[in-house]
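With mmCIF, C-alpha atoms and all ligand atoms inside, this is structure.cif:
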```
data_final
#
loop_
_atom_site.label_atom_id
_atom_site.label_comp_id
_atom_site.auth_asym_id
_atom_site.auth_seq_id
_atom_site.Cartn_x
_atom_site.Cartn_y
_atom_site.Cartn_z
CA MET A 16 8.83 -17.76 -3.07
CA TYR A 17 7.24 -18.57 0.28
CA GLN A 18 6.26 -22.25 0.61
CA LYS A 19 3.81 -23.88 2.96
CA ASN A 20 2.08 -27.27 2.84
CA GLY A 21 3.24 -27.86 -0.72
CA ASP A 22 1.85 -24.51 -1.98
CA ARG A 23 4.18 -21.84 -3.33
CA TYR A 24 3.42 -18.13 -3.07
CA PHE A 25 5.01 -15.37 -5.14
CA VAL A 26 4.92 -12.42 -2.75
CA VAL A 27 4.68 -8.78 -3.79
CA ASP A 28 4.61 -6.39 -0.85
CA GLY A 29 2.42 -3.64 -2.27
CA HIS A 30 3.36 -0.88 0.17
CA VAL A 31 6.75 -0.36 1.83
CA HIS A 32 8.74 2.62 3.08
CA PHE A 33 12.30 3.65 3.77
CA TRP A 34 11.66 6.71 5.90
CA ASP A 35 13.60 9.16 8.03
CA GLY A 36 11.50 10.32 10.97
CA SER A 37 14.52 11.00 13.21
CA PRO A 38 14.74 14.18 15.32
CA ALA A 39 17.47 15.54 13.01
CA ASN A 40 14.98 15.48 10.11
CA GLN A 41 11.95 16.74 12.08
CA ARG A 42 11.04 20.29 11.09
CA ASN A 43 8.59 20.94 13.94
CA LYS A 44 6.31 19.35 16.55
CA TYR A 45 4.22 17.88 13.75
CA GLY A 46 7.15 15.87 12.47
CA GLU A 47 7.76 14.56 15.96
CA GLY A 48 4.06 13.78 16.46
CA PHE A 49 3.59 12.08 13.09
CA ILE A 50 6.33 9.48 13.63
CA GLY A 51 5.14 9.09 17.24
CA CYS A 52 1.67 8.20 15.98
CA PHE A 53 3.17 5.72 13.51
CA TYR A 54 5.09 4.19 16.38
CA ASP A 55 1.88 3.71 18.38
CA TYR A 56 0.32 1.81 15.45
CA HIS A 57 3.48 -0.31 15.23
CA ARG A 58 3.63 -1.02 18.98
CA ASN A 59 -0.06 -1.70 19.49
CA LEU A 60 -0.66 -3.99 16.51
CA SER A 61 2.60 -6.02 16.27
CA PRO A 62 3.37 -9.24 18.15
CA GLU A 63 5.67 -8.34 21.04
CA GLU A 64 8.78 -9.93 19.55
CA TYR A 65 8.52 -7.69 16.48
CA VAL A 66 8.35 -4.36 18.34
CA TRP A 67 11.37 -2.10 17.78
CA PRO A 68 12.77 0.55 20.10
CA ARG A 69 11.52 4.00 19.08
CA GLU A 70 14.97 5.21 17.94
CA LYS A 71 15.28 2.35 15.48
CA PHE A 72 11.71 2.89 14.27
CA GLU A 73 12.43 6.55 13.58
CA ARG A 74 15.31 5.72 11.28
CA TYR A 75 16.30 2.17 10.36
CA ALA A 76 19.22 1.05 8.23
CA GLU A 77 19.15 -0.09 4.63
CA ASP A 78 20.47 -3.47 5.86
CA ASP A 79 17.38 -3.84 8.09
CA LEU A 80 15.10 -3.02 5.17
CA MET A 81 16.75 -5.58 2.90
CA SER A 82 16.93 -8.43 5.40
CA ASP A 83 13.47 -7.82 6.89
CA LEU A 84 11.79 -7.81 3.49
CA PHE A 85 13.75 -10.27 1.41
CA ASP A 86 15.75 -12.57 3.71
CA ARG A 87 13.52 -13.04 6.72
CA GLY A 88 10.31 -11.58 5.30
CA HIS A 89 9.50 -13.89 2.33
CA VAL A 90 8.99 -10.92 -0.03
CA ASP A 91 9.95 -11.38 -3.70
CA VAL A 92 9.30 -7.82 -4.93
CA ALA A 93 8.41 -4.71 -2.89
CA ILE A 94 6.67 -1.54 -4.05
CA PHE A 95 7.97 1.75 -2.63
CA LEU A 96 5.23 4.30 -1.92
CA PRO A 97 6.77 7.69 -1.12
CA THR A 98 5.32 10.09 1.45
CA TYR A 99 6.86 13.55 1.16
CA LEU A 100 5.47 15.54 4.15
CA THR A 101 7.94 18.37 3.54
CA ASP A 102 5.97 20.67 5.87
CA PHE A 103 6.94 18.29 8.71
CA TYR A 104 10.37 16.95 7.66
CA VAL A 105 13.40 18.87 6.42
CA ASN A 106 14.37 16.41 3.68
CA GLY A 107 10.92 14.86 3.35
CA PHE A 108 9.73 11.71 5.14
CA ASN A 109 10.48 9.31 2.26
CA THR A 110 10.80 10.73 -1.22
CA THR A 111 10.97 9.08 -4.63
CA GLU A 112 14.67 9.95 -4.93
CA GLN A 113 15.52 8.39 -1.56
CA ASP A 114 13.58 5.22 -2.45
CA GLY A 115 15.06 5.17 -5.95
CA ALA A 116 18.63 5.29 -4.64
CA VAL A 117 17.99 2.13 -2.61
CA ALA A 118 16.22 0.44 -5.52
CA GLU A 119 19.15 1.09 -7.84
CA ARG A 120 21.51 -0.61 -5.40
CA HIS A 121 19.31 -3.74 -5.44
CA PRO A 122 18.12 -4.37 -8.99
CA GLY A 123 14.95 -6.41 -9.44
CA LYS A 124 13.87 -6.10 -5.82
CA PHE A 125 11.83 -2.88 -5.83
CA ILE A 126 9.31 -0.94 -7.86
CA VAL A 127 9.81 2.81 -7.45
CA ASN A 128 6.66 4.92 -7.42
CA GLY A 129 6.40 8.68 -7.64
CA SER A 130 3.96 11.18 -6.17
CA TRP A 131 2.23 14.45 -7.00
CA ASP A 132 0.20 17.16 -5.36
CA PRO A 133 -2.35 19.14 -7.40
CA ARG A 134 -1.63 22.24 -5.29
CA ASP A 135 1.73 22.48 -7.08
CA GLY A 136 -0.06 23.57 -10.27
CA GLU A 137 1.85 23.89 -13.57
CA ASP A 138 5.29 23.55 -11.95
CA GLY A 139 4.23 20.26 -10.41
CA LEU A 140 3.10 18.89 -13.77
CA ARG A 141 6.54 19.57 -15.21
CA ALA A 142 8.20 18.06 -12.15
CA LEU A 143 6.04 14.94 -12.54
CA GLU A 144 7.15 14.55 -16.15
CA ALA A 145 10.80 14.69 -15.10
CA LEU A 146 10.21 12.28 -12.21
CA ALA A 147 8.41 9.80 -14.47
CA LYS A 148 11.26 9.88 -16.95
CA ARG A 149 13.99 9.54 -14.32
CA TRP A 150 12.39 6.59 -12.51
CA ASN A 151 10.33 5.02 -15.30
CA LEU A 152 7.23 5.39 -13.15
CA LYS A 153 4.31 2.97 -13.46
CA GLY A 154 2.63 4.16 -10.30
CA ALA A 155 2.16 7.09 -7.94
CA LYS A 156 1.26 7.45 -4.27
CA LEU A 157 -1.15 10.22 -3.28
CA TYR A 158 -1.67 11.65 0.18
CA THR A 159 -4.80 13.78 0.18
CA ALA A 160 -4.50 14.85 3.84
CA GLU A 161 -1.00 16.28 3.46
CA TRP A 162 -0.56 19.83 4.73
CA LYS A 163 0.87 22.53 2.49
CA GLY A 164 1.12 25.96 4.04
CA ASN A 165 -2.42 26.92 5.07
CA SER A 166 -4.04 24.04 3.20
CA LYS A 167 -4.90 20.90 5.14
CA GLY A 168 -5.66 18.68 2.20
CA TRP A 169 -7.11 18.28 -1.27
CA LYS A 170 -9.51 16.05 -3.16
CA LEU A 171 -9.02 13.66 -6.06
CA SER A 172 -12.00 15.31 -7.72
CA ASP A 173 -10.44 18.83 -7.70
CA PRO A 174 -10.03 20.28 -11.22
CA TRP A 175 -6.25 20.36 -10.81
CA SER A 176 -6.23 16.71 -9.72
CA TYR A 177 -7.82 15.83 -13.04
CA ARG A 178 -5.04 17.67 -14.85
CA TYR A 179 -2.56 15.46 -13.00
CA LEU A 180 -4.52 12.26 -13.63
CA GLU A 181 -4.61 13.14 -17.35
CA LYS A 182 -0.84 13.61 -17.17
CA CYS A 183 -0.48 10.21 -15.49
CA GLN A 184 -2.43 8.60 -18.28
CA GLU A 185 -0.21 10.31 -20.84
CA LEU A 186 2.98 9.21 -19.06
CA GLY A 187 1.89 5.59 -18.51
CA ILE A 188 1.58 6.00 -14.74
CA THR A 189 -1.36 3.64 -14.55
CA ASN A 190 -1.37 2.61 -10.88
CA ILE A 191 -2.70 5.36 -8.64
CA HIS A 192 -2.19 4.40 -4.99
CA VAL A 193 -4.14 6.70 -2.74
CA HIS A 194 -4.07 6.65 1.05
CA LYS A 195 -7.70 6.48 2.06
CA GLY A 196 -7.68 5.21 5.56
CA PRO A 197 -6.72 5.81 9.15
CA THR A 198 -5.73 9.27 10.19
CA ILE A 199 -2.29 10.00 11.58
CA TRP A 200 -1.75 12.90 13.93
CA PRO A 201 -1.84 15.84 13.09
CA LEU A 202 -3.60 15.09 9.78
CA ASN A 203 -7.40 15.15 9.53
CA ARG A 204 -9.46 12.02 9.08
CA ASP A 205 -11.91 13.73 6.77
CA ALA A 206 -9.15 14.72 4.35
CA PHE A 207 -8.59 10.96 3.89
CA ASP A 208 -12.27 10.30 3.10
CA VAL A 209 -12.64 7.70 0.35
CA ALA A 210 -15.66 9.35 -1.36
CA ASP A 211 -13.65 11.25 -4.00
CA VAL A 212 -12.31 7.99 -5.46
CA ASP A 213 -15.74 7.31 -6.95
CA ASP A 214 -15.80 10.13 -9.50
CA ALA A 215 -12.08 9.86 -10.34
CA ALA A 216 -12.39 6.13 -11.06
CA THR A 217 -15.37 6.73 -13.34
CA MET A 218 -13.63 9.56 -15.20
CA PHE A 219 -10.34 7.64 -15.66
CA PRO A 220 -11.28 4.05 -16.51
CA ASP A 221 -7.79 3.31 -17.86
CA LEU A 222 -6.15 4.05 -14.51
CA ASN A 223 -6.14 1.61 -11.60
CA PHE A 224 -7.01 3.16 -8.24
CA ILE A 225 -5.45 1.17 -5.43
CA VAL A 226 -7.15 2.41 -2.29
CA GLU A 227 -4.53 1.97 0.43
CA HIS A 228 -6.02 0.79 3.73
CA CYS A 229 -9.38 0.05 2.04
CA GLY A 230 -10.92 3.30 3.27
CA LEU A 231 -10.83 2.27 6.95
CA PRO A 232 -12.67 3.27 9.06
CA ARG A 233 -15.07 3.76 6.14
CA LEU A 234 -14.96 0.18 4.90
CA GLU A 235 -18.57 0.14 3.87
CA ASP A 236 -18.26 3.32 1.77
CA PHE A 237 -15.21 1.83 0.11
CA CYS A 238 -16.89 -1.50 -0.67
CA TRP A 239 -19.96 0.12 -2.18
CA ILE A 240 -17.80 2.35 -4.38
CA ALA A 241 -15.49 -0.48 -5.45
CA ALA A 242 -18.43 -2.72 -6.35
CA GLN A 243 -19.39 -0.14 -8.99
CA GLU A 244 -15.92 0.70 -10.28
CA PRO A 245 -13.98 -2.23 -11.78
CA ASN A 246 -10.72 -0.22 -11.75
CA VAL A 247 -10.75 0.18 -7.96
CA TYR A 248 -8.54 -2.12 -5.87
CA GLY A 249 -8.05 -2.63 -2.14
CA GLY A 250 -4.55 -2.25 -0.66
CA LEU A 251 -4.40 -4.32 2.54
CA ALA A 252 -1.85 -2.27 4.50
CA VAL A 253 -3.22 -1.65 8.03
CA VAL A 254 -5.90 -4.31 7.46
CA MET A 255 -3.29 -7.10 7.71
CA PRO A 256 -1.96 -6.62 11.28
CA PHE A 257 -5.43 -7.13 12.77
CA ILE A 258 -4.87 -10.80 11.94
CA HIS A 259 -2.86 -10.85 15.21
CA SER A 260 -4.65 -8.51 17.61
CA ARG A 261 -8.24 -8.79 16.32
CA PRO A 262 -8.55 -12.00 14.26
CA ARG A 263 -12.36 -11.95 14.12
CA TYR A 264 -12.36 -8.33 13.01
CA PHE A 265 -9.76 -9.21 10.38
CA ALA A 266 -11.93 -12.11 9.18
CA GLN A 267 -14.93 -9.82 8.93
CA VAL A 268 -13.05 -7.15 6.96
CA MET A 269 -11.61 -9.77 4.60
CA GLY A 270 -15.03 -11.36 4.21
CA GLU A 271 -16.57 -8.03 3.21
CA LEU A 272 -13.74 -7.24 0.79
CA LEU A 273 -13.99 -10.65 -0.85
CA TYR A 274 -17.76 -10.34 -1.13
CA TRP A 275 -17.71 -6.88 -2.74
CA LEU A 276 -14.43 -6.79 -4.67
CA GLY A 277 -13.49 -10.45 -5.03
CA GLU A 278 -10.10 -12.14 -4.89
CA ASP A 279 -8.70 -10.45 -8.01
CA ARG A 280 -8.75 -6.89 -6.67
CA LEU A 281 -6.98 -7.16 -3.31
CA LEU A 282 -3.27 -6.49 -2.78
CA PHE A 283 -1.20 -7.69 0.17
CA ALA A 284 0.93 -5.02 1.87
CA SER A 285 2.90 -4.75 5.11
CA ASP A 286 3.39 -0.96 5.20
CA TYR A 287 6.92 -1.79 6.41
CA ALA A 288 8.38 -0.57 8.75
CA LEU A 289 4.99 -0.17 10.40
CA TRP A 290 4.73 -3.95 10.38
CA HIS A 291 7.09 -6.75 9.51
CA PRO A 292 6.05 -8.80 6.44
CA LYS A 293 7.33 -12.09 7.88
CA TRP A 294 4.63 -12.62 10.46
CA LEU A 295 1.91 -11.08 8.30
CA ILE A 296 2.60 -13.50 5.45
CA GLU A 297 3.03 -16.55 7.68
CA ARG A 298 -0.16 -15.83 9.60
CA PHE A 299 -2.13 -15.05 6.44
CA VAL A 300 -1.14 -18.28 4.71
CA ASP A 301 -2.22 -20.19 7.85
CA PHE A 302 -5.39 -18.13 8.31
CA GLN A 303 -8.93 -19.35 7.90
CA LEU A 304 -12.21 -17.59 8.62
CA PRO A 305 -13.98 -18.92 11.75
CA GLN A 306 -16.53 -21.64 10.94
CA ASP A 307 -19.60 -19.51 11.66
CA MET A 308 -18.33 -16.74 9.38
CA GLN A 309 -17.49 -19.16 6.58
CA GLU A 310 -21.20 -19.95 6.30
CA GLU A 311 -21.77 -16.36 5.21
CA TYR A 312 -18.49 -15.46 3.48
CA GLY A 313 -17.09 -18.78 2.28
CA ALA A 314 -13.55 -20.00 2.95
CA LEU A 315 -10.14 -18.58 2.03
CA THR A 316 -8.38 -20.99 -0.36
CA PRO A 317 -4.64 -21.20 -1.22
CA ASP A 318 -5.61 -20.00 -4.69
CA MET A 319 -7.17 -16.83 -3.30
CA LYS A 320 -4.26 -16.24 -0.94
CA SER A 321 -1.84 -16.62 -3.81
CA LYS A 322 -3.60 -13.93 -5.84
CA ILE A 323 -3.81 -11.56 -2.88
CA LEU A 324 -0.19 -12.12 -1.81
CA GLY A 325 1.33 -11.39 -5.20
CA LEU A 326 -0.37 -12.34 -8.43
CA ASN A 327 -2.76 -9.37 -8.44
CA ALA A 328 0.04 -6.84 -7.95
CA ALA A 329 2.16 -8.69 -10.51
CA ARG A 330 -0.64 -8.22 -13.04
CA LEU A 331 -0.93 -4.47 -12.35
CA TYR A 332 2.83 -3.94 -12.67
CA GLY A 333 3.55 -6.45 -15.43
CA LEU A 334 5.87 -8.55 -13.25
CA GLU A 335 6.95 -11.96 -14.39
CA VAL A 336 5.65 -14.67 -12.05
CA PRO A 337 7.77 -17.82 -11.59
CA GLU A 338 6.03 -21.07 -12.41
CA GLY A 339 4.41 -23.21 -9.75
CA THR A 340 2.47 -20.75 -7.58
CA ALA A 341 -0.75 -22.01 -6.00
CA ALA A 342 -3.10 -20.11 -8.32
CA ALA A 343 -1.05 -20.88 -11.43
CA GLU A 344 -1.21 -24.58 -10.56
CA GLU A 345 -4.97 -24.42 -10.15
CA GLU A 346 -5.35 -22.80 -13.55
CA ARG A 347 -3.12 -25.43 -15.10
CA LEU A 348 -5.30 -28.22 -13.68
CA GLN A 349 -8.54 -26.70 -14.85
CA PRO A 350 -9.70 -27.82 -18.28
CA THR A 351 -10.05 -24.80 -20.57
ZN ZN A 401 2.38 3.58 4.23
#
```

Since I need it in another form, could you write the structure as structure tokens?
Ligand SMILES: [Zn+2]
Amino acid sequence: MYQKNGDRYFVVDGHVHFWDGSPANQRNKYGEGFIGCFYDYHRNLSPEEYVWPREKFERYAEDDLMSDLFDRGHVDVAIFLPTYLTDFYVNGFNTTEQDGAVAERHPGKFIVNGSWDPRDGEDGLRALEALAKRWNLKGAKLYTAEWKGNSKGWKLSDPWSYRYLEKCQELGITNIHVHKGPTIWPLNRDAFDVADVDDAATMFPDLNFIVEHCGLPRLEDFCWIAAQEPNVYGGLAVVMPFIHSRPRYFAQVMGELLYWLGEDRLLFASDYALWHPKWLIERFVDFQLPQDMQEEYGALTPDMKSKILGLNAARLYGLEVPEGTAAAEEERLQPT
């Protein structure tokens, strides 16, 4: 657990990758462009000392992953979110099987999530069943802007999506992570629009919808949807790095999220290897909203940070939390 000023934080990184974006795996110019766009996000929003050379960013070693997350990075448990992109990459960008192989070599460190695509129809439903059984899935990552042949995306509210969400419910895949956020070349921003989460969340109240990247740049849409849907959560990947480059913007986004969703529905995430969890966690634990903003939004307490950094994700995934975290202490001290 990460410790600072006498507070202890159990850290769950809610969104990590082990990808292969190297030229050998690129199928076409889109594969080359996609990882190039990722690299620009990495380069522009990381502190200088954390910027990797492009070759390393395209394909990093398992040793880097393990030491960056767990040795240097303060992470206790990390959640793999696969991104297939098989139209762009020969073996996929990072599949469930590739993630699962790493997870099996390091027991207790990772949660392996699956994925599905409603355009795969009946065959895909059967494949999802097999995947769920093989990896004991509790969650899935969805990528609504993914290209498939002539199609440039799909919606959560499509009839076939509902067949898949019903299947998730049946299989106990209760955590639906859906990328609703920044576009990445050559994908379309509008295919990542957050609006379709609204109906899906209403129709499937037993599923948790973790909206990765909080709908950015449509933060307001996301907040107004989440305020109405108690099973909608905000995944903080891509929000977090602004703590370095745009601290006031970060404070404003966090203030809005805390106002509309509250401290129990936000999940820390690095999106490794886009950003390194070490500096994100250290900066976040030290972070406070500027004084003038606190008057409107209130302050960030160690208790809130503790929930956001790990306790909320632990609750969704049924992880055991060691004793003595900041929020657990606070609860212990409060008379019941
Ligand atoms: Zn990601």

Exercise. Could you pull the residues within 10 Å of Asp205 (chain A), counting all atoms listed in the file, minus those fewer than 3 positions along the same chain, as a VMD selection string?
Worked result: chain A and resid 159 to 160 168 195 to 198 202 208 to 210

For this session: Collect all residues with atoms no farther than 8 Å from ligand ZN 401 (chain A), counting all atoms listed in the file, and output them as a ChimeraX atom specification.
Result: /A:30-32,96,98,194,252,286-287,289

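Distances to Asp83 (chain A) were evaluated for A:Tyr332, A:Trp294, A:Trp162, A:Tyr104 using all atoms listed in the file, and the minimum falls at A:Trp294.
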
For this session: Fewer than 2 positions away in the same chain doesn't count, so skip those; otherwise give me all residues within 12 Å of Gln303 (chain A), counting all atoms listed in the file, as a PyMOL selection string.
Result: chain A and resi 258+262-263+265-267+269-270+298-301+305-309+312-317+319-320

For this session: Kindly provide, as JSON, numbers by chain, the polymer residues lying within 9 Å of (-9.8, -6.7, -6.2), counting only C-alpha atoms and using the coordinates exactly as they appear in the file.
Result: {"A": [241, 245, 246, 247, 248, 249, 250, 272, 273, 275, 276, 277, 278, 279, 280, 281, 282, 323, 327]}

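Our summary of the geometry notes that CA of Pro292 (chain A) is positioned 6.5 Å from CA of Leu84 (chain A).
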
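Proximity to Ile126 (chain A) was assessed for A:Gly154, A:Gly46, A:Pro62, A:Gly230 counting all atoms listed in the file; the smallest distance is recorded for A:Gly154.
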
Exercise. So which residues touch Ile191 (chain A) within 6 Å, counting only C-alpha atoms, skipping near sequence neighbours fewer than 5 positions away, as a ChimeraX atom specification?
Worked result: /A:154-155,223-225

Problem set entry | Contacts of Thr340 (chain A) within 9 Å, all atoms listed in the file, excl. fewer than 5 positions in-chain, as a PyMOL selection string | chain A and resi 16+22-25+318+321+326+345

For region 138-170 of chain A, where the input has fewer atoms than it should, I would like N, CA and C atoms rebuilt and written as a short mmCIF file (atom, residue, chain, number, x, y, z; two decimals), keeping the file's coordinate frame.
```cif
data_model
loop_
_atom_site.label_atom_id
_atom_site.label_comp_id
_atom_site.auth_asym_id
_atom_site.auth_seq_id
_atom_site.Cartn_x
_atom_site.Cartn_y
_atom_site.Cartn_z
N ASP A 138 3.91 23.97 -12.29
CA ASP A 138 5.29 23.55 -11.95
C ASP A 138 5.32 22.07 -11.58
N GLY A 139 4.29 21.65 -10.85
CA GLY A 139 4.23 20.26 -10.41
C GLY A 139 4.03 19.30 -11.59
N LEU A 140 3.29 19.75 -12.59
CA LEU A 140 3.10 18.89 -13.77
C LEU A 140 4.43 18.65 -14.48
N ARG A 141 5.22 19.72 -14.58
CA ARG A 141 6.54 19.57 -15.21
C ARG A 141 7.45 18.69 -14.36
N ALA A 142 7.38 18.87 -13.06
CA ALA A 142 8.20 18.06 -12.15
C ALA A 142 7.81 16.58 -12.26
N LEU A 143 6.51 16.32 -12.41
CA LEU A 143 6.04 14.94 -12.54
C LEU A 143 6.58 14.29 -13.83
N GLU A 144 6.59 15.07 -14.90
CA GLU A 144 7.15 14.55 -16.15
C GLU A 144 8.60 14.13 -15.96
N ALA A 145 9.38 14.99 -15.31
CA ALA A 145 10.80 14.69 -15.10
C ALA A 145 10.96 13.46 -14.19
N LEU A 146 10.14 13.40 -13.16
CA LEU A 146 10.21 12.28 -12.21
C LEU A 146 9.87 10.96 -12.92
N ALA A 147 8.85 11.01 -13.75
CA ALA A 147 8.41 9.80 -14.47
C ALA A 147 9.52 9.30 -15.39
N LYS A 148 10.20 10.24 -16.02
CA LYS A 148 11.26 9.88 -16.95
C LYS A 148 12.45 9.29 -16.18
N ARG A 149 12.81 9.97 -15.09
CA ARG A 149 13.99 9.54 -14.32
C ARG A 149 13.80 8.14 -13.73
N TRP A 150 12.60 7.85 -13.23
CA TRP A 150 12.39 6.59 -12.51
C TRP A 150 11.50 5.62 -13.26
N ASN A 151 11.17 5.92 -14.50
CA ASN A 151 10.33 5.02 -15.30
C ASN A 151 9.07 4.62 -14.53
N LEU A 152 8.35 5.63 -14.07
CA LEU A 152 7.23 5.39 -13.15
C LEU A 152 6.06 4.65 -13.81
N LYS A 153 5.54 3.67 -13.07
CA LYS A 153 4.31 2.97 -13.46
C LYS A 153 3.20 3.22 -12.43
N GLY A 154 3.59 3.91 -11.35
CA GLY A 154 2.63 4.16 -10.30
C GLY A 154 2.96 5.42 -9.52
N ALA A 155 1.96 5.92 -8.79
CA ALA A 155 2.16 7.09 -7.94
C ALA A 155 1.39 6.89 -6.64
N LYS A 156 1.92 7.49 -5.57
CA LYS A 156 1.26 7.45 -4.27
C LYS A 156 0.73 8.84 -3.96
N LEU A 157 -0.52 8.93 -3.58
CA LEU A 157 -1.15 10.22 -3.28
C LEU A 157 -1.55 10.27 -1.82
N TYR A 158 -1.44 11.47 -1.26
CA TYR A 158 -1.67 11.65 0.18
C TYR A 158 -2.57 12.87 0.35
N THR A 159 -3.87 12.65 0.28
CA THR A 159 -4.80 13.78 0.18
C THR A 159 -4.91 14.61 1.47
N ALA A 160 -4.41 14.10 2.58
CA ALA A 160 -4.50 14.85 3.84
C ALA A 160 -3.21 15.61 4.14
N GLU A 161 -2.27 15.60 3.21
CA GLU A 161 -1.00 16.28 3.46
C GLU A 161 -1.20 17.78 3.60
N TRP A 162 -0.49 18.38 4.55
CA TRP A 162 -0.56 19.83 4.73
C TRP A 162 0.40 20.52 3.77
N LYS A 163 -0.02 21.69 3.30
CA LYS A 163 0.87 22.53 2.49
C LYS A 163 0.54 23.97 2.83
N GLY A 164 1.40 24.60 3.59
CA GLY A 164 1.12 25.96 4.04
C GLY A 164 -0.19 25.99 4.82
N ASN A 165 -1.15 26.82 4.36
CA ASN A 165 -2.42 26.92 5.07
C ASN A 165 -3.42 25.83 4.69
N SER A 166 -3.11 25.07 3.67
CA SER A 166 -4.04 24.04 3.20
C SER A 166 -3.86 22.75 4.00
N LYS A 167 -4.98 22.15 4.40
CA LYS A 167 -4.90 20.90 5.14
C LYS A 167 -5.43 19.72 4.34
N GLY A 168 -5.30 19.83 3.01
CA GLY A 168 -5.66 18.68 2.20
C GLY A 168 -6.26 19.07 0.87
N TRP A 169 -6.55 18.06 0.06
CA TRP A 169 -7.11 18.28 -1.27
C TRP A 169 -7.94 17.06 -1.64
N LYS A 170 -8.66 17.17 -2.74
CA LYS A 170 -9.51 16.05 -3.16
C LYS A 170 -9.10 15.56 -4.55
#
```
